[in-house]
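Below is one structure; the comments refer to it alone.
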Amino acid sequence: MKILIQRVQNAVVVVNSQKVAEIGKGMLLFVGIGKDDSMEDVERIARKVMNLRIFEDEQGKMNLNIYQIHGQILSVSQFTLYADTKKGNRPGFDKSAVPEMAKAYWEKFNDLLRENRLNVREGVFGAHMEVNLINDGPVTILLDSKNC
């Protein structure tokens, strides 16, 4: 499982000209599920997201987690995080999970965050989405469940 985290001042998801989700200060998560991922990966990466200290303390150091700033999370499914670009110029997506598995794992991931008292909004699985954000920092971090 791969998650591209962007620390944001705010973020919005629009589908078919309709705003479907919006957050203030927090994390925008682009969530990719690989075909070799397991529920263990989902649980491990959820714990990492919950405890990741990427928000600044009073001294300006990244020392606070999402709970400590009372932040929000916007979770957007994104199979393109598993793009394979080794051959040619057109990405392949053979390493991405099939849609049924990806949706179930993405939903479980979001549920785990909610079960741990986090305010989570979601994009629309499988939809063409417009994502607008103000990146704070900028801070952008890539997590891979196989390495965390």
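FYI, nothing fancy with the structure tokens labels: chains A, B, ... in order, residues from 1 per chain, ligands from 1 as they appear.
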
Just list as number ranges by chain whatever in stretch 2-148 of chain A DSSP marks as helix (DSSP H, G or I). A: 39-51, 79-82, 99-115, 145-147

(message) Show me, as a list in words, the residues that have an atom within 7 Å of stretch 94-110 of chain A when counting only C-alpha atoms, minus same-chain residues fewer than 6 positions from it.
(response)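 Non-adjacent residues within range: Ile33, Gly34, Lys35, Val42, Ala46, Ser77, Phe79, Tyr82, Val120 and Phe125 of chain A.
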
With N, CA and C atoms retained, could you export that selection as a tab-separated table (two decimals), in the first residue's frame?
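Listed below is the output, again.tsv:
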```
chain	number	residue	atom	x	y	z
A	33	ILE	N	-3.57	1.10	-3.56
A	33	ILE	CA	-3.58	-0.27	-3.07
A	33	ILE	C	-2.95	-1.16	-4.14
A	34	GLY	N	-1.97	-1.96	-3.71
A	34	GLY	CA	-1.31	-2.88	-4.63
A	34	GLY	C	-1.94	-4.27	-4.56
A	35	LYS	N	-1.78	-5.02	-5.63
A	35	LYS	CA	-2.41	-6.35	-5.68
A	35	LYS	C	-1.82	-7.31	-4.66
A	42	VAL	N	-2.69	-2.58	5.53
A	42	VAL	CA	-3.67	-1.53	5.80
A	42	VAL	C	-3.52	-1.05	7.25
A	46	ALA	N	-2.01	2.62	8.45
A	46	ALA	CA	-2.95	3.47	9.18
A	46	ALA	C	-2.30	3.95	10.48
A	77	SER	N	-8.66	7.81	-3.19
A	77	SER	CA	-8.07	6.60	-3.77
A	77	SER	C	-7.33	6.97	-5.06
A	79	PHE	N	-5.05	4.73	-7.79
A	79	PHE	CA	-4.33	3.55	-8.28
A	79	PHE	C	-3.06	3.90	-9.03
A	82	TYR	N	0.75	3.14	-8.26
A	82	TYR	CA	1.42	1.90	-8.63
A	82	TYR	C	1.81	1.85	-10.10
A	120	VAL	N	-12.34	12.11	9.08
A	120	VAL	CA	-11.92	11.70	7.75
A	120	VAL	C	-13.03	11.98	6.74
A	125	PHE	N	-14.55	6.84	-4.85
A	125	PHE	CA	-13.76	5.76	-5.43
A	125	PHE	C	-14.12	5.59	-6.91
```

**Request:** Please provide as a PyMOL selection string all residues within 12 Å of A:Phe55, with the sequence filter that same-chain residues fewer than 2 positions apart are discarded (counting only C-alpha atoms).
**Result:** chain A and resi 6-9+25-27+51-53+57-71+136-140

Find the residues around A:Ala127 up to 12 Å (only C-alpha atoms counted), leave out those fewer than 2 positions away in its own chain, and share them as a ChimeraX atom specification.
/A:13-16,20,76-79,99,103,122-125,129-131

7 Å contact set for A:Leu133, only C-alpha atoms, chain neighbours under 3 positions out, as a list in words: Val8, Asn10, Ala11 and Val12 of chain A

Take the selection from the previous step and output its residues with C-alpha atoms, as a short mmCIF file (atom, residue, chain, number, x, y, z; two decimals), in the first residue's frame.
```
data_model
loop_
_atom_site.label_atom_id
_atom_site.label_comp_id
_atom_site.auth_asym_id
_atom_site.auth_seq_id
_atom_site.Cartn_x
_atom_site.Cartn_y
_atom_site.Cartn_z
CA VAL A 8 -2.41 21.05 3.68
CA ASN A 10 -7.16 23.07 3.08
CA ALA A 11 -8.23 20.66 0.36
CA VAL A 12 -11.38 20.07 -1.71
#
```

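Distances from A:Glu115, A:Glu22, A:Asp144, A:Asp84 to A:Met50 were compared using only C-alpha atoms, and the smallest one belongs to A:Glu115.
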
task: Per DSSP on the backbone, filter chain A down to the residues in strand (DSSP E or B) and report them as a ChimeraX atom specification.
output: /A:2-15,18-23,26-32,34,55-56,62-64,72-77,84,92,96,119-122,130-144

Separating atom CA of A:Ser145 from atom CA of A:Lys2, to the nearest tenth of an Å, is a gap of 6.3 Å

Separating atom CA of A:Arg90 from atom CA of A:Gly32, to the nearest tenth of an Å, is a gap of 18.6 Å

May I ask for the distance between atom CA of A:Lys146 and atom CA of A:Asp37, given in Å to one decimal place?
->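 The value is 8.8 Å.
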